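Participant: My structure is below; once you've seen it, I'll send some questions.
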Amino acid sequence: MSTTVAEAPALPRVHYLNATYGIRSWLLTTDHKRIALLYLTSITFMFFIGGAAAVLMRLHLIEPQGALVQPETYNKLFSIHGIVMVFFFLIPSIPAVLGNFLVPMMIGARDLAFPRLNLLSWYIYVVGACFTLYAIVSGGVDTGWTFYTPYSSTYAHTNVMAAAVGVFITGFSSILTGLNFIVTIHKMRAPGLTWFRLPLFIWSIYATSIIFILGTPVLAITIFLLALERLLHVGIFDPAVGGDPLLFQHLFWFYSHPAVYIMVLPAMGVVSELIAAFSRKRIYGYSFVAFSSFAISIISFLVWGHHMFVTGQSIYAGLIFSVLSFLVAIPSAIKVFNWTATLYRGSISYQAPMLYALGFIGLFTMGGLTGLFLASLAVDVHLNGTYFIVAHFHYIMVGGAVMAYMGGIHYWWPKITGRMYPDGWARFAALVIFVGFNLTFFPQYMLGYLGMPRRYAVYPSEFQVLNVMSSAGASILGIGYLIPLIYLVWSMRYGPVAGPNPWKAKGLEWETSSPPPTENFEETPIVTEEAYAYARPAAPPAARRPVTEGAHD
């Protein structure tokens with residue numbers, strides 16, 4: 001007679017998501033991965049607030065005389081849309097979510113250099129967002145996202161102060177995040193991870209952090225001066241009491257043009273990772289792509305005056321800013337050309353992250369080329385203040401930064417959650433977003449060319465067809481963004497288990513399990529090869545080792 005001994009059930013693997021439980025464990029965490037998820041939740045909420053305002057604007061513009069709201073409410077809608085999307089989604093999205101999650105793992109570290117400071121930066125972001133949400137629910141703000149004076153400092157009767165204070169506070173979150181990244185990248189790289197073995201995403205985050213630290217204090221000072229004038233009526237920007245309203249524009253754009261590259265540089269880093277992974281090739285001209293990030297971050301501080309061509313500034317200043325604006329296109333073009341060269345004769349896989357990367361290249365190129373129109377003094381005089389500006393800005397920001405953000409989320413989602421999402425739905429959503437985006441914003445290029453001014457709640461009837469096309473595209477785009485939200489949330493519980501490296505990609509983040517343990521790695525990794533070491537000759541049969549399940553190539 002024999003007896004059967006039942007095997008004890010295997011204990012679930014401990015990782016950063018289940019190491020501790022409860023709301024308190026999340027709100028007091030110093031784990032960079034959990035803080036990234038806190039940012040992801042907060043930023044997604046703000047994205048849909050700003051997106052709802054955009055959809056309401058487009059619905060209103062279906063009819064020439066407006067179909068939905070009063071002109072005063074329309075002014076508040078585009079102000080809310082701009083403030084929320086720029087300061088609470090586009091600027092923090094990739095650095096705060098993907099940067100927080102990936103920077104330590106990509107360099108073989110256990111956490112960021114200052115974990116408590118990292119948590120503090122999220123709380124500062126939330127406090128700033130609460131001030132802005134208060135401004136929205138208690139009557140709104142109608143100054144636009146630029147807060148131009150003297151209207152915002154003297155004449156506006158909406159909640160300018162609450163919105164401005166929200167932006168002011170959130171700026172400190174950016175400064176702390178940038179400081180944390182710079183120290184971490186300098187001091188905590190794994191053995192063997194030299195500067196020229198770093199992933200290009202790390203180079204882009206480093207260049208972005210420089211802009212965070214150097215540029216954001218200027219915005220803080222500008223907002224502080226605005227508040228000072230609004231509260232104490234001192235003559236800083238108000239010409240009636242000896243101020244200069246153009247001083248505000250100089251200060252604001254000295255930060256806000258580099259802020260465009262705060263949004264785009266991390267997106268370029270994401271696209272470099274996606275292009276290499278899904279073409280199975282080293283990035284062509286790695287060092288040129290890396291140094292172009294620094295060139296962009298430096299030149300971006302020298303071109304703020306191209307926003308002020310029609311303000312009456314000196315013609316000589318205008319010429320200098322025009323030349324510098326053309327110059328900043330060169331390092332951006334280097335990246336696009338090198339990505340294209342990487343794709344050439346690559347073993348390309350058209351999975352969802354790659355579709356977003358290809359969409360980024362096309363849409364960002366369109367936005368960049370139309371930016372050259374606006375860098376030209378003679379052309380900008382006619383296009384300034386029209387819908388051409390709106391289309392150009394959105395081709396850079398939404399077609400560029402948001403497409404890359406979506407691609408990055410899809411690429412690293414298996415690492416974040418340990419689960420795969422339905423690839424068919426993901427490809428479909430990428431296609432819907434691409435079509436919806438172009439239907440929304442390409443007609444706006446034509447509207448601007450024909451002379452329709454932006455920010456107007458009404459328009460001549462001859463512009464209606466193009467506006468209806470744009471509004472239809474906005475509805476499609478909104479649906480395109482809702483689809484990933486649904487299937488990504490679904491995948492967290494029901495998606496197939498991903499394994500450590502479902503894409504067979506290179507990089508230290510793929511060397512650890514999915515989801516990663518709290519300490520990221522069981523032992524400190526040692527780097528012995530270049531970044532993106534895909535193109536290697538096959539080993540002779542006698543030298544090949546058996547491949548274990550889940551290992552990468």
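In the structure tokens, chains take the letters A, B, ... in the order shown, each chain's residues start at 1, and ligands count up from 1 in the order shown.
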Please report, as a Markdown table, each residue of region 169-260 of chain A lying at most 12 Å from region 276-285 of chain A, together with the nearest pair of atoms and the separation in Å rounded to one decimal; use only C-alpha atoms, and order rows by chain and ascending residue number.
Facilitator:
| residue | atom | partner | partner_atom | distance |
| --- | --- | --- | --- | --- |
| A:Phe196 | CA | A:Gly285 | CA | 11.7 |
| A:Arg197 | CA | A:Arg282 | CA | 11.7 |
| A:Pro199 | CA | A:Ile283 | CA | 10.0 |
| A:Leu200 | CA | A:Ile283 | CA | 9.0 |
| A:Phe201 | CA | A:Ala276 | CA | 11.5 |
Participant: Skip Lys187 (chain A) itself and residues of its chain fewer than 6 positions away, then list as number ranges by chain all residues within 12 Å of it, counting only C-alpha atoms.
Facilitator: A: 104, 107-109, 111-114, 180-181, 193-195
Participant: Those residues you just picked out, can you put them in a file as an mmCIF file, in the first residue's frame with N, CA, C and O atoms?
Facilitator:
data_model
loop_
_atom_site.group_PDB
_atom_site.id
_atom_site.type_symbol
_atom_site.label_atom_id
_atom_site.label_comp_id
_atom_site.auth_asym_id
_atom_site.auth_seq_id
_atom_site.Cartn_x
_atom_site.Cartn_y
_atom_site.Cartn_z
ATOM 1 N N PRO A 104 16.252 54.098 -12.801
ATOM 2 C CA PRO A 104 17.099 53.227 -11.967
ATOM 3 C C PRO A 104 17.331 51.846 -12.588
ATOM 4 O O PRO A 104 18.448 51.322 -12.532
ATOM 5 N N ILE A 107 19.884 51.801 -15.515
ATOM 6 C CA ILE A 107 21.296 51.988 -15.164
ATOM 7 C C ILE A 107 21.750 50.996 -14.104
ATOM 8 O O ILE A 107 22.873 51.090 -13.606
ATOM 9 N N GLY A 108 20.895 50.033 -13.746
ATOM 10 C CA GLY A 108 21.292 48.987 -12.812
ATOM 11 C C GLY A 108 21.290 49.413 -11.365
ATOM 12 O O GLY A 108 21.982 48.800 -10.538
ATOM 13 N N ALA A 109 20.496 50.449 -11.004
ATOM 14 C CA ALA A 109 20.432 50.933 -9.622
ATOM 15 C C ALA A 109 19.212 50.353 -8.918
ATOM 16 O O ALA A 109 18.286 49.845 -9.558
ATOM 17 N N ASP A 111 17.279 52.221 -6.762
ATOM 18 C CA ASP A 111 16.276 53.279 -6.634
ATOM 19 C C ASP A 111 16.916 54.566 -7.125
ATOM 20 O O ASP A 111 18.085 54.590 -7.531
ATOM 21 N N LEU A 112 16.155 55.648 -7.086
ATOM 22 C CA LEU A 112 16.726 56.953 -7.365
ATOM 23 C C LEU A 112 17.595 57.398 -6.204
ATOM 24 O O LEU A 112 17.523 56.845 -5.093
ATOM 25 N N ALA A 113 18.402 58.412 -6.430
ATOM 26 C CA ALA A 113 19.351 58.857 -5.407
ATOM 27 C C ALA A 113 18.643 59.358 -4.154
ATOM 28 O O ALA A 113 19.128 59.153 -3.038
ATOM 29 N N PHE A 114 17.492 60.031 -4.316
ATOM 30 C CA PHE A 114 16.772 60.622 -3.183
ATOM 31 C C PHE A 114 15.330 60.129 -3.190
ATOM 32 O O PHE A 114 14.429 60.803 -3.699
ATOM 33 N N ASN A 180 16.914 64.896 -9.034
ATOM 34 C CA ASN A 180 17.024 63.479 -8.677
ATOM 35 C C ASN A 180 17.587 62.654 -9.833
ATOM 36 O O ASN A 180 18.470 61.798 -9.644
ATOM 37 N N PHE A 181 17.112 62.920 -11.045
ATOM 38 C CA PHE A 181 17.591 62.169 -12.202
ATOM 39 C C PHE A 181 19.071 62.427 -12.469
ATOM 40 O O PHE A 181 19.838 61.501 -12.758
ATOM 41 N N LEU A 193 28.799 50.276 -16.975
ATOM 42 C CA LEU A 193 27.858 51.105 -17.734
ATOM 43 C C LEU A 193 28.461 52.497 -17.919
ATOM 44 O O LEU A 193 28.180 53.426 -17.167
ATOM 45 N N THR A 194 29.302 52.624 -18.916
ATOM 46 C CA THR A 194 29.930 53.913 -19.213
ATOM 47 C C THR A 194 28.911 54.827 -19.891
ATOM 48 O O THR A 194 27.817 54.401 -20.285
ATOM 49 N N TRP A 195 29.290 56.098 -20.056
ATOM 50 C CA TRP A 195 28.367 57.070 -20.649
ATOM 51 C C TRP A 195 27.929 56.630 -22.045
ATOM 52 O O TRP A 195 26.763 56.822 -22.421
#
Participant: Would you give me, as a tab-separated table, each residue of region 341-421 of chain A having an atom within 12 Å of an atom of region 27-38 of chain A, along with its shortest atom pair and that distance in Å to one decimal, using only C-alpha atoms and sorting by chain and residue number?
Facilitator:
residue	atom	partner	partner_atom	distance
A:Ile409	CA	A:Leu37	CA	11.4
A:Trp413	CA	A:Leu37	CA	11.2
A:Lys415	CA	A:Lys33	CA	10.6
A:Ile416	CA	A:Lys33	CA	8.1
A:Thr417	CA	A:Leu37	CA	10.3
Participant: Keeping only N, CA and C atoms, take the residues you just selected and write them out as a PDB file, in the first residue's frame.
Facilitator:
ATOM      1  N   ILE A 409       4.294  53.496 -22.952  1.00  0.00           N
ATOM      2  CA  ILE A 409       3.402  52.763 -22.041  1.00  0.00           C
ATOM      3  C   ILE A 409       3.161  51.346 -22.568  1.00  0.00           C
ATOM      4  N   TRP A 413       4.655  48.233 -20.562  1.00  0.00           N
ATOM      5  CA  TRP A 413       3.527  47.756 -19.757  1.00  0.00           C
ATOM      6  C   TRP A 413       3.755  46.330 -19.241  1.00  0.00           C
ATOM      7  N   LYS A 415       6.508  45.025 -18.380  1.00  0.00           N
ATOM      8  CA  LYS A 415       7.468  45.140 -17.281  1.00  0.00           C
ATOM      9  C   LYS A 415       6.806  45.757 -16.060  1.00  0.00           C
ATOM     10  N   ILE A 416       5.926  46.716 -16.263  1.00  0.00           N
ATOM     11  CA  ILE A 416       5.257  47.408 -15.153  1.00  0.00           C
ATOM     12  C   ILE A 416       4.298  46.472 -14.438  1.00  0.00           C
ATOM     13  N   THR A 417       3.500  45.698 -15.193  1.00  0.00           N
ATOM     14  CA  THR A 417       2.421  44.902 -14.601  1.00  0.00           C
ATOM     15  C   THR A 417       2.680  43.408 -14.613  1.00  0.00           C
TER      16      THR A 417
END
Participant: In Å, how far is it from CA of Phe360 (chain A) to CA of Gly400 (chain A)?
Facilitator: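 Between these atoms lies a distance of 5.0 Å.
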Participant: Would you kindly return, as a compact mmCIF listing (two decimals) with C-alpha atoms, in the first residue's frame, each protein, DNA or RNA residue with an atom no farther than 7 Å from any atom of His15 (chain A), considering only C-alpha atoms and excluding same-chain residues fewer than 4 positions away?
Facilitator:
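Final output, result.txt:
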# COMPACT_ATOMS: atom_id res chain seq x y z
CA ALA A 19 5.45 43.35 -1.30
CA PRO A 515 7.01 42.86 -12.37
CA PRO A 516 10.43 43.65 -10.87
CA PRO A 517 11.27 43.00 -7.22
CA THR A 518 11.32 45.98 -4.87
Participant: Which of these, A:Thr154, A:Asn100, A:Thr143, A:Ser347, has the shortest distance to Gly243 (chain A) once you count only C-alpha atoms?
Facilitator: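 With only C-alpha atoms as the atom set, the closest residue is A:Thr154.
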Participant: So the first atom is CA of Arg13 (chain A) and the second is CA of Arg419 (chain A); what is the distance between them in Å, to one decimal place?
Facilitator: 14.2 Å
Participant: Which residues, written as a ChimeraX atom specification, have at least one atom at most 8 Å from region 287-303 of chain A, with only C-alpha atoms counted and residues fewer than 6 positions away on the same chain left out?
Facilitator: /A:196,200,203-204,207-208,210-211,254-255,257-258,261,265,321-322,324-325,327-328,331-332,334-335,338
Participant: Could you tell me how far CA of Tyr481 (chain A) lies from CA of Gly436 (chain A), in Å and to one decimal?
Facilitator: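 Separating CA of Tyr481 (chain A) from CA of Gly436 (chain A) is a distance of 10.0 Å.
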Participant: Considering only C-alpha atoms, can you say which of A:Leu274, A:Leu482, A:Leu447, A:Val167 comes closest to Val468 (chain A)?
Facilitator: A:Leu447
Participant: Could you list, as a ChimeraX atom specification, every residue within 8 Å of Val165 (chain A), counting only C-alpha atoms and ignoring same-chain residues fewer than 2 positions away?
Facilitator: /A:128,131-132,161-163,167-169,223
Participant: Go through A:Arg230, A:His394, A:His250, A:Lys504 one by one, measure the shortest atom-to-atom distance of each to Phe437 (chain A) using only C-alpha atoms, and give the residue with the smallest value.
Facilitator: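 Smallest separation from Phe437 (chain A) among the options: A:His394.
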